[in-house]
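With PDB, C-alpha atoms inside, this is work.pdb:
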```pdb
ATOM      1  CA  MET A1498       9.391  16.724   2.186
ATOM      2  CA  LYS A1499      10.153  20.416   2.540
ATOM      3  CA  HIS A1500       6.846  21.293   4.235
ATOM      4  CA  THR A1501       7.080  18.646   6.956
ATOM      5  CA  LYS A1502       7.189  21.124   9.864
ATOM      6  CA  TRP A1503       3.966  22.788   8.704
ATOM      7  CA  PHE A1504       2.143  19.477   8.445
ATOM      8  CA  LEU A1505       3.538  18.456  11.855
ATOM      9  CA  LEU A1506       2.148  21.706  13.287
ATOM     10  CA  ALA A1507      -1.257  20.840  11.840
ATOM     11  CA  LEU A1508      -0.996  17.302  13.229
ATOM     12  CA  LEU A1509      -0.067  18.589  16.699
ATOM     13  CA  LEU A1510      -3.094  20.888  16.695
ATOM     14  CA  VAL A1511      -5.389  18.065  15.544
ATOM     15  CA  VAL A1512      -4.093  15.925  18.424
ATOM     16  CA  ILE A1513      -4.705  18.745  20.930
ATOM     17  CA  ASP A1514      -8.196  19.288  19.510
ATOM     18  CA  GLN A1515      -9.069  15.591  19.661
ATOM     19  CA  LEU A1516      -7.629  15.145  23.179
ATOM     20  CA  THR A1517      -9.665  18.067  24.533
ATOM     21  CA  LYS A1518     -12.818  16.691  22.906
ATOM     22  CA  LEU A1519     -12.067  13.224  24.269
ATOM     23  CA  LEU A1520     -11.729  14.650  27.784
ATOM     24  CA  VAL A1521     -15.043  16.480  27.500
ATOM     25  CA  TYR A1522     -16.734  13.419  25.972
ATOM     26  CA  GLY A1523     -15.369  11.208  28.738
ATOM     27  CA  TYR A1524     -16.042  13.412  31.747
ATOM     28  CA  LEU A1525     -19.167  15.421  30.956
ATOM     29  CA  LYS A1526     -22.547  14.177  29.782
ATOM     30  CA  PRO A1527     -24.122  15.982  26.829
ATOM     31  CA  HIS A1528     -25.414  19.412  27.931
ATOM     32  CA  GLU A1529     -23.602  19.086  31.252
ATOM     33  CA  SER A1530     -21.638  22.209  32.168
ATOM     34  CA  LEU A1531     -18.704  22.955  34.446
ATOM     35  CA  GLU A1532     -18.302  26.613  35.382
ATOM     36  CA  ILE A1533     -14.672  27.756  35.307
ATOM     37  CA  THR A1534     -15.181  31.512  35.815
ATOM     38  CA  GLY A1535     -18.088  33.940  35.644
ATOM     39  CA  PHE A1536     -17.619  34.138  31.859
ATOM     40  CA  LEU A1537     -16.215  30.716  30.914
ATOM     41  CA  SER A1538     -17.735  27.279  31.254
ATOM     42  CA  ILE A1539     -16.928  23.892  29.785
ATOM     43  CA  THR A1540     -20.237  22.718  28.329
ATOM     44  CA  HIS A1541     -20.557  19.434  26.413
ATOM     45  CA  VAL A1542     -22.527  20.169  23.224
ATOM     46  CA  HIS A1543     -23.079  18.067  20.099
ATOM     47  CA  ASN A1544     -23.159  20.258  16.994
ATOM     48  CA  TYR A1545     -24.864  18.474  14.104
ATOM     49  CA  GLY A1546     -24.404  21.450  11.785
ATOM     50  CA  ALA A1547     -21.623  23.757  10.692
ATOM     51  CA  ALA A1548     -20.474  27.047  12.220
ATOM     52  CA  PHE A1549     -22.999  28.509  14.670
ATOM     53  CA  SER A1550     -25.044  25.294  14.235
ATOM     54  CA  PHE A1551     -25.934  26.211  10.641
ATOM     55  CA  LEU A1552     -27.906  23.261   9.143
ATOM     56  CA  ALA A1553     -28.073  21.549  12.558
ATOM     57  CA  ASN A1554     -31.819  21.025  12.393
ATOM     58  CA  GLU A1555     -31.808  19.168   9.089
ATOM     59  CA  ASP A1556     -32.684  15.464   8.949
ATOM     60  CA  GLY A1557     -29.173  14.030   8.498
ATOM     61  CA  TRP A1558     -28.184  14.838   4.920
ATOM     62  CA  GLN A1559     -25.988  17.646   6.215
ATOM     63  CA  GLN A1560     -23.518  15.176   7.740
ATOM     64  CA  THR A1561     -22.545  13.703   4.372
ATOM     65  CA  PHE A1562     -22.512  17.177   2.843
ATOM     66  CA  LEU A1563     -20.287  18.630   5.601
ATOM     67  CA  VAL A1564     -17.900  15.639   5.555
ATOM     68  CA  THR A1565     -17.571  16.050   1.785
ATOM     69  CA  ILE A1566     -16.984  19.817   1.997
ATOM     70  CA  SER A1567     -14.477  19.414   4.847
ATOM     71  CA  SER A1568     -12.596  16.696   2.953
ATOM     72  CA  MET A1569     -12.416  18.771  -0.215
ATOM     73  CA  ALA A1570     -11.347  21.885   1.708
ATOM     74  CA  SER A1571      -8.638  19.932   3.545
ATOM     75  CA  LEU A1572      -7.296  18.556   0.277
ATOM     76  CA  ALA A1573      -7.312  22.029  -1.295
ATOM     77  CA  ILE A1574      -5.420  23.463   1.695
ATOM     78  CA  ILE A1575      -2.833  20.666   1.516
ATOM     79  CA  ILE A1576      -2.260  21.417  -2.181
ATOM     80  CA  TRP A1577      -2.075  25.160  -1.420
ATOM     81  CA  MET A1578       0.488  24.498   1.316
ATOM     82  CA  VAL A1579       2.661  22.319  -0.950
ATOM     83  CA  LYS A1580       2.607  25.022  -3.623
ATOM     84  CA  THR A1581       3.495  27.796  -1.141
ATOM     85  CA  ALA A1582       7.207  28.622  -0.912
ATOM     86  CA  GLN A1583       8.944  28.125   2.437
ATOM     87  CA  VAL A1584       9.767  31.841   2.638
ATOM     88  CA  HIS A1585       6.060  32.522   3.232
ATOM     89  CA  ALA A1586       6.123  31.161   6.784
ATOM     90  CA  SER A1587       3.207  33.277   8.021
ATOM     91  CA  LYS A1588       0.995  32.014   5.213
ATOM     92  CA  LEU A1589       2.060  28.416   5.925
ATOM     93  CA  ILE A1590       1.285  28.849   9.631
ATOM     94  CA  ALA A1591      -2.152  30.236   8.729
ATOM     95  CA  LEU A1592      -2.846  27.336   6.374
ATOM     96  CA  SER A1593      -1.644  24.838   9.013
ATOM     97  CA  LEU A1594      -4.085  26.332  11.512
ATOM     98  CA  ILE A1595      -6.990  26.179   9.063
ATOM     99  CA  LEU A1596      -6.084  22.635   7.995
ATOM    100  CA  SER A1597      -5.882  21.409  11.582
ATOM    101  CA  GLY A1598      -9.285  22.851  12.414
ATOM    102  CA  ALA A1599     -10.893  21.422   9.299
ATOM    103  CA  ILE A1600      -9.455  17.966   9.990
ATOM    104  CA  GLY A1601     -10.267  18.108  13.716
ATOM    105  CA  ASN A1602     -13.942  18.775  13.052
ATOM    106  CA  LEU A1603     -13.958  16.367  10.092
ATOM    107  CA  ILE A1604     -12.812  13.532  12.372
ATOM    108  CA  ASP A1605     -15.727  14.202  14.730
ATOM    109  CA  ARG A1606     -18.272  14.429  11.935
ATOM    110  CA  ALA A1607     -17.083  11.274  10.204
ATOM    111  CA  ALA A1608     -16.717   9.206  13.391
ATOM    112  CA  LEU A1609     -19.582  10.512  15.523
ATOM    113  CA  GLY A1610     -22.015  12.251  13.171
ATOM    114  CA  PHE A1611     -21.569  15.529  15.072
ATOM    115  CA  VAL A1612     -18.834  17.859  16.302
ATOM    116  CA  ILE A1613     -18.072  18.088  20.006
ATOM    117  CA  ASP A1614     -18.092  21.718  21.159
ATOM    118  CA  PHE A1615     -17.304  22.713  24.720
ATOM    119  CA  ILE A1616     -15.846  26.215  25.143
ATOM    120  CA  ASP A1617     -18.747  28.280  26.436
ATOM    121  CA  LEU A1618     -18.171  32.040  26.743
ATOM    122  CA  HIS A1619     -20.870  34.131  28.380
ATOM    123  CA  TYR A1620     -21.494  37.375  30.202
ATOM    124  CA  GLN A1621     -24.688  37.952  32.144
ATOM    125  CA  ASP A1622     -27.439  37.054  29.622
ATOM    126  CA  PHE A1623     -25.133  37.020  26.560
ATOM    127  CA  TYR A1624     -23.915  33.606  25.409
ATOM    128  CA  TRP A1625     -21.533  33.153  22.480
ATOM    129  CA  PRO A1626     -22.163  29.904  20.544
ATOM    130  CA  VAL A1627     -20.188  27.042  22.104
ATOM    131  CA  PHE A1628     -17.031  26.161  20.150
ATOM    132  CA  ASN A1629     -13.871  24.020  20.310
ATOM    133  CA  VAL A1630     -10.104  24.087  19.709
ATOM    134  CA  ALA A1631     -10.547  23.318  15.990
ATOM    135  CA  ASP A1632     -12.812  26.360  15.650
ATOM    136  CA  ILE A1633     -10.175  28.532  17.338
ATOM    137  CA  ALA A1634      -7.506  27.225  14.951
ATOM    138  CA  ILE A1635      -9.682  27.948  11.897
ATOM    139  CA  THR A1636     -10.531  31.453  13.130
ATOM    140  CA  LEU A1637      -6.917  32.348  13.945
ATOM    141  CA  GLY A1638      -5.748  30.849  10.656
ATOM    142  CA  VAL A1639      -8.236  32.856   8.602
ATOM    143  CA  MET A1640      -7.354  36.050  10.497
ATOM    144  CA  LEU A1641      -3.627  35.478   9.947
ATOM    145  CA  LEU A1642      -4.185  34.662   6.278
ATOM    146  CA  LEU A1643      -6.129  37.912   5.836
ATOM    147  CA  LEU A1644      -3.372  39.887   7.577
ATOM    148  CA  VAL A1645      -0.703  38.274   5.397
ATOM    149  CA  ASP A1646      -2.673  39.071   2.250
ATOM    150  CA  LEU A1647      -3.306  42.666   3.387
ATOM    151  CA  LYS A1648       0.399  43.109   4.091
ATOM    152  CA  GLN A1649       1.268  41.724   0.642
ATOM    153  CA  GLU A1650      -1.237  44.057  -1.036
ATOM    154  CA  LYS A1651       0.132  47.024   0.906
ATOM    155  CA  SER A1652       3.715  46.205  -0.087
ATOM    156  CA  LYS A1653       2.695  46.086  -3.780
ATOM    157  CA  SER A1654       1.361  49.661  -3.584
TER     158      SER A1654
END
```

Produce structure tokens that represent the structure in this file.
Amino acid sequence: MKHTKWFLLALLLVVIDQLTKLLVYGYLKPHESLEITGFLSITHVHNYGAAFSFLANEDGWQQTFLVTISSMASLAIIIWMVKTAQVHASKLIALSLILSGAIGNLIDRAALGFVIDFIDLHYQDFYWPVFNVADIAITLGVMLLLLVDLKQEKSKS
């Protein structure tokens, strides 16, 4: 398979995501926090919703919905990756990042009914919503994908 290295990258990132969540799950109780610096803590949070806890306060239907959406998105990204030529390495890296994040959070949702978040950034009274490695991968992947597309559009002009 010509795209093996890109799928291995995604797999490696899923493993890193799941290992970090397993460590948090094993060593910190829910809502327990470990301060690392004045702006970073490891805080064990269960996110029953999507990004920024969207839909978190619903009565359970959102889990099936989010598992379905994540599964369909992962499948679409896999197809997109297979159809992307090897010469578009930046795009394949971006898609690998997005795929790994989608699968990492999908595993949590399907197995636990929630996503484990733990990276807690804060400054004085400002707290960013707690997130995880999968969220970082998705964010970086989307940013890279946008940059790649902008560069392609610019080169067409």

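For the residues A:Asp1617, A:Val1630, A:Leu1644, A:Val1512, ranking by smallest atom-to-atom distance to Glu1532 (chain A) using only C-alpha atoms places A:Asp1617 first.
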
- [ ] Using the chain letters and residue numbers of this document, give as a ChimeraX atom specification the residues selected by the PyMOL selection byres ((chain A and resi 1537) around 9).
- [x] /A:1531-1536,1538-1539,1616-1620

For C-alpha atoms, I'd like the residues from the last selection saved as a short mmCIF file (atom, residue, chain, number, x, y, z; two decimals), in the frame of the given file.
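Result saved to again-v2.cif:
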```
data_model
loop_
_atom_site.label_atom_id
_atom_site.label_comp_id
_atom_site.auth_asym_id
_atom_site.auth_seq_id
_atom_site.Cartn_x
_atom_site.Cartn_y
_atom_site.Cartn_z
CA LEU A 1531 -18.70 22.96 34.45
CA GLU A 1532 -18.30 26.61 35.38
CA ILE A 1533 -14.67 27.76 35.31
CA THR A 1534 -15.18 31.51 35.82
CA GLY A 1535 -18.09 33.94 35.64
CA PHE A 1536 -17.62 34.14 31.86
CA SER A 1538 -17.74 27.28 31.25
CA ILE A 1539 -16.93 23.89 29.78
CA ILE A 1616 -15.85 26.22 25.14
CA ASP A 1617 -18.75 28.28 26.44
CA LEU A 1618 -18.17 32.04 26.74
CA HIS A 1619 -20.87 34.13 28.38
CA TYR A 1620 -21.49 37.38 30.20
#
```

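The nearest approach to Asp1514 (chain A) among the residues A:His1543, A:Phe1611, A:Gly1598, A:Val1579, with only C-alpha atoms taken into account, belongs to A:Gly1598.
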
Open item on the list: Given the point (-4.0, 36.3, 8.8) in the file's coordinates, find the residues that have an atom at most 12 Å from it, counting all atoms listed in the file, and give them as a PyMOL selection string.
Closed with: chain A and resi 1586-1595+1634-1649

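Residue nearest Met1578 (chain A), chosen from A:Val1627, A:Val1612, A:Val1521, A:Leu1596 and counting all atoms listed in the file: A:Leu1596.
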